[in-house]
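Undergrad: Structure file my_file.txt (compact mmCIF, N, CA and C atoms) right here:
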# COMPACT_ATOMS: atom_id res chain seq x y z
N MET A 1 92.12 62.34 75.73
CA MET A 1 92.41 62.21 77.15
C MET A 1 91.89 60.85 77.62
N THR A 2 92.70 60.18 78.39
CA THR A 2 92.32 58.86 78.90
C THR A 2 91.41 59.02 80.11
N LEU A 3 90.77 57.93 80.48
CA LEU A 3 89.90 57.94 81.65
C LEU A 3 90.69 58.33 82.90
N MET A 4 91.92 57.81 83.02
CA MET A 4 92.76 58.13 84.18
C MET A 4 93.07 59.63 84.22
N GLU A 5 93.35 60.21 83.07
CA GLU A 5 93.62 61.65 83.02
C GLU A 5 92.38 62.44 83.39
N ASP A 6 91.21 61.98 82.94
CA ASP A 6 89.95 62.63 83.32
C ASP A 6 89.74 62.58 84.83
N VAL A 7 90.02 61.44 85.41
CA VAL A 7 89.86 61.28 86.85
C VAL A 7 90.82 62.19 87.60
N LYS A 8 92.06 62.24 87.16
CA LYS A 8 93.07 63.11 87.81
C LYS A 8 92.66 64.58 87.71
N ALA A 9 92.16 64.99 86.54
CA ALA A 9 91.72 66.38 86.36
C ALA A 9 90.53 66.69 87.26
N ALA A 10 89.61 65.75 87.38
CA ALA A 10 88.44 65.95 88.24
C ALA A 10 88.87 66.04 89.71
N GLN A 11 89.84 65.22 90.09
CA GLN A 11 90.34 65.26 91.48
C GLN A 11 91.04 66.59 91.75
N ALA A 12 91.79 67.07 90.78
CA ALA A 12 92.48 68.35 90.96
C ALA A 12 91.46 69.49 91.06
N ALA A 13 90.43 69.47 90.22
CA ALA A 13 89.38 70.50 90.28
C ALA A 13 88.70 70.47 91.65
N GLN A 14 88.43 69.28 92.15
CA GLN A 14 87.81 69.13 93.47
C GLN A 14 88.71 69.71 94.57
N ALA A 15 89.99 69.39 94.50
CA ALA A 15 90.93 69.87 95.52
C ALA A 15 91.06 71.39 95.48
N VAL A 16 91.18 71.96 94.28
CA VAL A 16 91.30 73.41 94.16
C VAL A 16 90.06 74.08 94.73
N GLY A 17 88.90 73.56 94.38
CA GLY A 17 87.66 74.13 94.90
C GLY A 17 87.59 74.07 96.42
N GLU A 18 87.96 72.93 96.97
CA GLU A 18 87.96 72.77 98.43
C GLU A 18 88.94 73.73 99.10
N HIS A 19 90.10 73.89 98.50
CA HIS A 19 91.10 74.80 99.08
C HIS A 19 90.63 76.25 99.04
N LEU A 20 90.04 76.65 97.93
CA LEU A 20 89.54 78.03 97.84
C LEU A 20 88.40 78.26 98.83
N ARG A 21 87.53 77.27 98.97
CA ARG A 21 86.46 77.37 99.96
C ARG A 21 87.06 77.47 101.37
N GLY A 22 88.10 76.68 101.62
CA GLY A 22 88.77 76.74 102.91
C GLY A 22 89.31 78.13 103.21
N TRP A 23 89.93 78.74 102.22
CA TRP A 23 90.43 80.11 102.40
C TRP A 23 89.29 81.07 102.69
N ARG A 24 88.19 80.91 101.97
CA ARG A 24 87.04 81.80 102.20
C ARG A 24 86.56 81.67 103.65
N LEU A 25 86.44 80.45 104.12
CA LEU A 25 85.96 80.23 105.49
C LEU A 25 86.96 80.74 106.53
N ILE A 26 88.24 80.48 106.31
CA ILE A 26 89.27 80.95 107.24
C ILE A 26 89.27 82.48 107.34
N LEU A 27 89.01 83.13 106.20
CA LEU A 27 88.99 84.59 106.18
C LEU A 27 87.66 85.16 106.68
N GLY A 28 86.70 84.29 106.94
CA GLY A 28 85.41 84.74 107.47
C GLY A 28 84.57 85.47 106.44
N LEU A 29 84.74 85.11 105.19
CA LEU A 29 83.98 85.77 104.12
C LEU A 29 82.81 84.90 103.68
N THR A 30 81.72 85.55 103.34
CA THR A 30 80.58 84.81 102.81
C THR A 30 80.79 84.56 101.32
N ALA A 31 80.03 83.62 100.80
CA ALA A 31 80.09 83.34 99.36
C ALA A 31 79.71 84.58 98.58
N GLU A 32 78.74 85.31 99.08
CA GLU A 32 78.30 86.53 98.39
C GLU A 32 79.42 87.57 98.34
N GLN A 33 80.14 87.73 99.44
CA GLN A 33 81.25 88.70 99.47
C GLN A 33 82.33 88.33 98.46
N VAL A 34 82.70 87.07 98.42
CA VAL A 34 83.75 86.63 97.49
C VAL A 34 83.28 86.76 96.06
N ALA A 35 82.05 86.33 95.78
CA ALA A 35 81.51 86.44 94.42
C ALA A 35 81.49 87.90 93.97
N ASP A 36 81.08 88.80 94.86
CA ASP A 36 81.07 90.23 94.52
C ASP A 36 82.47 90.74 94.24
N ARG A 37 83.42 90.39 95.08
CA ARG A 37 84.80 90.84 94.89
C ARG A 37 85.41 90.28 93.61
N ALA A 38 85.03 89.05 93.27
CA ALA A 38 85.57 88.40 92.06
C ALA A 38 84.75 88.76 90.82
N GLN A 39 83.66 89.46 91.01
CA GLN A 39 82.76 89.86 89.92
C GLN A 39 82.24 88.64 89.15
N ILE A 40 81.76 87.67 89.92
CA ILE A 40 81.15 86.47 89.35
C ILE A 40 79.83 86.21 90.08
N ALA A 41 79.03 85.35 89.51
CA ALA A 41 77.77 84.98 90.15
C ALA A 41 78.03 84.02 91.31
N ARG A 42 77.16 84.04 92.30
CA ARG A 42 77.31 83.12 93.43
C ARG A 42 77.26 81.67 92.97
N GLY A 43 76.42 81.40 91.98
CA GLY A 43 76.32 80.05 91.45
C GLY A 43 77.64 79.58 90.84
N THR A 44 78.36 80.50 90.22
CA THR A 44 79.66 80.16 89.65
C THR A 44 80.66 79.84 90.75
N LEU A 45 80.63 80.62 91.82
CA LEU A 45 81.50 80.34 92.97
C LEU A 45 81.15 78.99 93.57
N ARG A 46 79.86 78.70 93.67
CA ARG A 46 79.42 77.41 94.21
C ARG A 46 79.97 76.27 93.35
N LYS A 47 79.91 76.43 92.03
CA LYS A 47 80.45 75.40 91.13
C LYS A 47 81.95 75.22 91.35
N LEU A 48 82.67 76.33 91.44
CA LEU A 48 84.12 76.26 91.66
C LEU A 48 84.43 75.55 92.97
N GLU A 49 83.77 75.96 94.03
CA GLU A 49 84.05 75.38 95.35
C GLU A 49 83.66 73.90 95.43
N SER A 50 82.74 73.48 94.58
CA SER A 50 82.34 72.07 94.61
C SER A 50 83.14 71.23 93.61
N GLY A 51 84.08 71.87 92.92
CA GLY A 51 84.98 71.13 92.04
C GLY A 51 84.45 70.88 90.64
N HIS A 52 83.48 71.66 90.22
CA HIS A 52 82.94 71.49 88.88
C HIS A 52 84.04 71.81 87.86
N PRO A 53 84.39 70.86 87.00
CA PRO A 53 85.56 71.02 86.13
C PRO A 53 85.39 71.99 84.96
N THR A 54 84.18 72.49 84.74
CA THR A 54 83.99 73.38 83.59
C THR A 54 84.12 74.86 83.95
N VAL A 55 84.40 75.16 85.20
CA VAL A 55 84.59 76.55 85.60
C VAL A 55 85.85 77.07 84.93
N GLY A 56 85.77 78.24 84.35
CA GLY A 56 86.89 78.81 83.59
C GLY A 56 88.09 79.16 84.46
N PHE A 57 89.25 79.10 83.83
CA PHE A 57 90.49 79.43 84.53
C PHE A 57 90.46 80.87 85.03
N ASP A 58 89.84 81.76 84.26
CA ASP A 58 89.74 83.15 84.69
C ASP A 58 88.97 83.27 86.00
N VAL A 59 87.99 82.41 86.21
CA VAL A 59 87.22 82.43 87.45
C VAL A 59 88.11 82.00 88.62
N VAL A 60 88.92 80.98 88.40
CA VAL A 60 89.84 80.53 89.45
C VAL A 60 90.75 81.69 89.86
N LEU A 61 91.29 82.39 88.88
CA LEU A 61 92.19 83.51 89.18
C LEU A 61 91.46 84.66 89.86
N ARG A 62 90.25 84.96 89.43
CA ARG A 62 89.47 86.05 90.06
C ARG A 62 89.19 85.73 91.52
N VAL A 63 88.79 84.50 91.79
CA VAL A 63 88.48 84.11 93.16
C VAL A 63 89.75 84.09 94.00
N ALA A 64 90.84 83.58 93.46
CA ALA A 64 92.11 83.59 94.19
C ALA A 64 92.52 85.02 94.52
N ARG A 65 92.33 85.92 93.57
CA ARG A 65 92.66 87.33 93.82
C ARG A 65 91.75 87.90 94.92
N ALA A 66 90.45 87.58 94.85
CA ALA A 66 89.51 88.08 95.85
C ALA A 66 89.85 87.58 97.24
N LEU A 67 90.45 86.41 97.32
CA LEU A 67 90.84 85.82 98.61
C LEU A 67 92.26 86.21 99.03
N GLY A 68 92.98 86.91 98.15
CA GLY A 68 94.34 87.33 98.48
C GLY A 68 95.38 86.24 98.34
N VAL A 69 95.08 85.21 97.56
CA VAL A 69 96.02 84.10 97.41
C VAL A 69 96.52 83.91 95.97
N VAL A 70 96.24 84.86 95.10
CA VAL A 70 96.65 84.70 93.70
C VAL A 70 98.18 84.65 93.58
N ASP A 71 98.89 85.41 94.41
CA ASP A 71 100.36 85.37 94.34
C ASP A 71 100.89 84.01 94.76
N SER A 72 100.30 83.42 95.78
CA SER A 72 100.70 82.07 96.20
C SER A 72 100.44 81.06 95.11
N LEU A 73 99.32 81.21 94.43
CA LEU A 73 98.97 80.31 93.34
C LEU A 73 99.98 80.41 92.20
N THR A 74 100.28 81.62 91.77
CA THR A 74 101.22 81.78 90.67
C THR A 74 102.64 81.37 91.08
N ASP A 75 103.01 81.68 92.30
CA ASP A 75 104.33 81.26 92.78
C ASP A 75 104.47 79.74 92.81
N SER A 76 103.39 79.05 93.16
CA SER A 76 103.46 77.59 93.24
C SER A 76 103.68 76.94 91.88
N LEU A 77 103.41 77.67 90.81
CA LEU A 77 103.60 77.14 89.46
C LEU A 77 104.92 77.58 88.83
N ASP A 78 105.68 78.38 89.53
CA ASP A 78 106.96 78.88 89.01
C ASP A 78 107.98 77.74 88.96
N PRO A 79 108.40 77.35 87.76
CA PRO A 79 109.35 76.24 87.67
C PRO A 79 110.68 76.53 88.34
N LEU A 80 111.04 77.80 88.45
CA LEU A 80 112.33 78.13 89.06
C LEU A 80 112.32 78.01 90.58
N ARG A 81 111.19 77.69 91.16
CA ARG A 81 111.11 77.45 92.60
C ARG A 81 111.33 75.98 92.95
N THR A 82 111.65 75.17 91.93
CA THR A 82 111.90 73.75 92.17
C THR A 82 113.33 73.41 91.79
N ASP A 83 113.85 72.34 92.35
CA ASP A 83 115.21 71.92 92.02
C ASP A 83 115.33 71.58 90.54
N ILE A 84 114.38 70.83 90.02
CA ILE A 84 114.47 70.45 88.60
C ILE A 84 114.31 71.67 87.70
N GLY A 85 113.48 72.60 88.09
CA GLY A 85 113.31 73.82 87.31
C GLY A 85 114.58 74.65 87.25
N ARG A 86 115.24 74.78 88.39
CA ARG A 86 116.50 75.53 88.41
C ARG A 86 117.58 74.78 87.64
N ALA A 87 117.59 73.46 87.75
CA ALA A 87 118.60 72.67 87.04
C ALA A 87 118.43 72.78 85.52
N ARG A 88 117.21 72.93 85.08
CA ARG A 88 116.94 73.00 83.64
C ARG A 88 116.50 74.38 83.19
N ALA A 89 116.90 75.40 83.91
CA ALA A 89 116.48 76.77 83.61
C ALA A 89 116.84 77.19 82.19
N GLY A 90 117.91 76.64 81.65
CA GLY A 90 118.30 76.98 80.29
C GLY A 90 117.24 76.62 79.26
N GLU A 91 116.40 75.64 79.58
CA GLU A 91 115.34 75.21 78.66
C GLU A 91 114.29 76.32 78.47
N LEU A 92 114.20 77.22 79.42
CA LEU A 92 113.20 78.29 79.32
C LEU A 92 113.50 79.25 78.18
N ASN A 93 114.77 79.37 77.82
CA ASN A 93 115.17 80.32 76.79
C ASN A 93 115.37 79.70 75.41
N ARG A 94 115.27 78.39 75.33
CA ARG A 94 115.48 77.72 74.04
C ARG A 94 114.22 77.77 73.21
N LYS A 95 114.43 77.89 71.92
CA LYS A 95 113.28 77.89 71.00
C LYS A 95 112.92 76.47 70.66
N ARG A 96 111.65 76.26 70.41
CA ARG A 96 111.18 74.94 70.03
C ARG A 96 111.68 74.58 68.64
N VAL A 97 112.04 73.33 68.47
CA VAL A 97 112.43 72.82 67.18
C VAL A 97 111.21 72.12 66.61
N ARG A 98 110.86 72.48 65.38
CA ARG A 98 109.67 71.88 64.75
C ARG A 98 110.07 70.93 63.68
For the file at hand, write its structure as structure tokens.
TA:
Amino acid sequence: MTLMEDVKAAQAAQAVGEHLRGWRLILGLTAEQVADRAQIARGTLRKLESGHPTVGFDVVLRVARALGVVDSLTDSLDPLRTDIGRARAGELNRKRVR
């Protein structure tokens, strides 16, 4: 991974953490409530919300579920919700050539 890719990944981790924290605050939930609902430690939630890049993907999904936004998260990654994804939908069914 190049330095630029590392920087982009760190920026994305920071943004995701900030957005999840924003949802928590908008919903009026404490860090303890979200951590309990997600079945993670408060320190882990703190790391996620501060953009620590080593937080596991499962933690991101647990917290998103605890905040009620996991469906929005998965929908945002659906390639068929984009013009290019719909245009190339046939690629989803093709087998890889090795």
Undergrad: Within 12 Å of (86.5, 80.4, 94.8) (coordinates as in the file), grab all the protein and nucleic acid residues, counting only C-alpha atoms, and write them out as an MDAnalysis selection string.
TA: chainID A and resid 13:25 29:52 55:70
Undergrad: Kindly give the distance, in Å, that separates atom N of Thr54 in chain A and CA of Asp78 in chain A, rounded to a single decimal.
TA: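 Distance reported for this atom pair: 24.0 Å.
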Undergrad: Take every atom of range 18-22 of chain A listed in the file, fit an axis-aligned box around them, add 8 Å per side, and give the centre and edge lengths in Å to one decimal as JSON.
TA:
{"center_x": 88.8, "center_y": 75.5, "center_z": 100.1, "size_x": 20.6, "size_y": 21.5, "size_z": 22.2}
Undergrad: Enter the distance from CA of Pro79 in chain A to CA of Asn93 in chain A, in Å, rounded to one decimal.
TA: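 According to the coordinates, CA of Pro79 in chain A and CA of Asn93 in chain A are separated by 13.0 Å.
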Undergrad: To one decimal in Å, tell me the separation between CA of Lys8 in chain A and CA of Ser76 in chain A.
TA: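 Between these atoms lies a distance of 18.6 Å.
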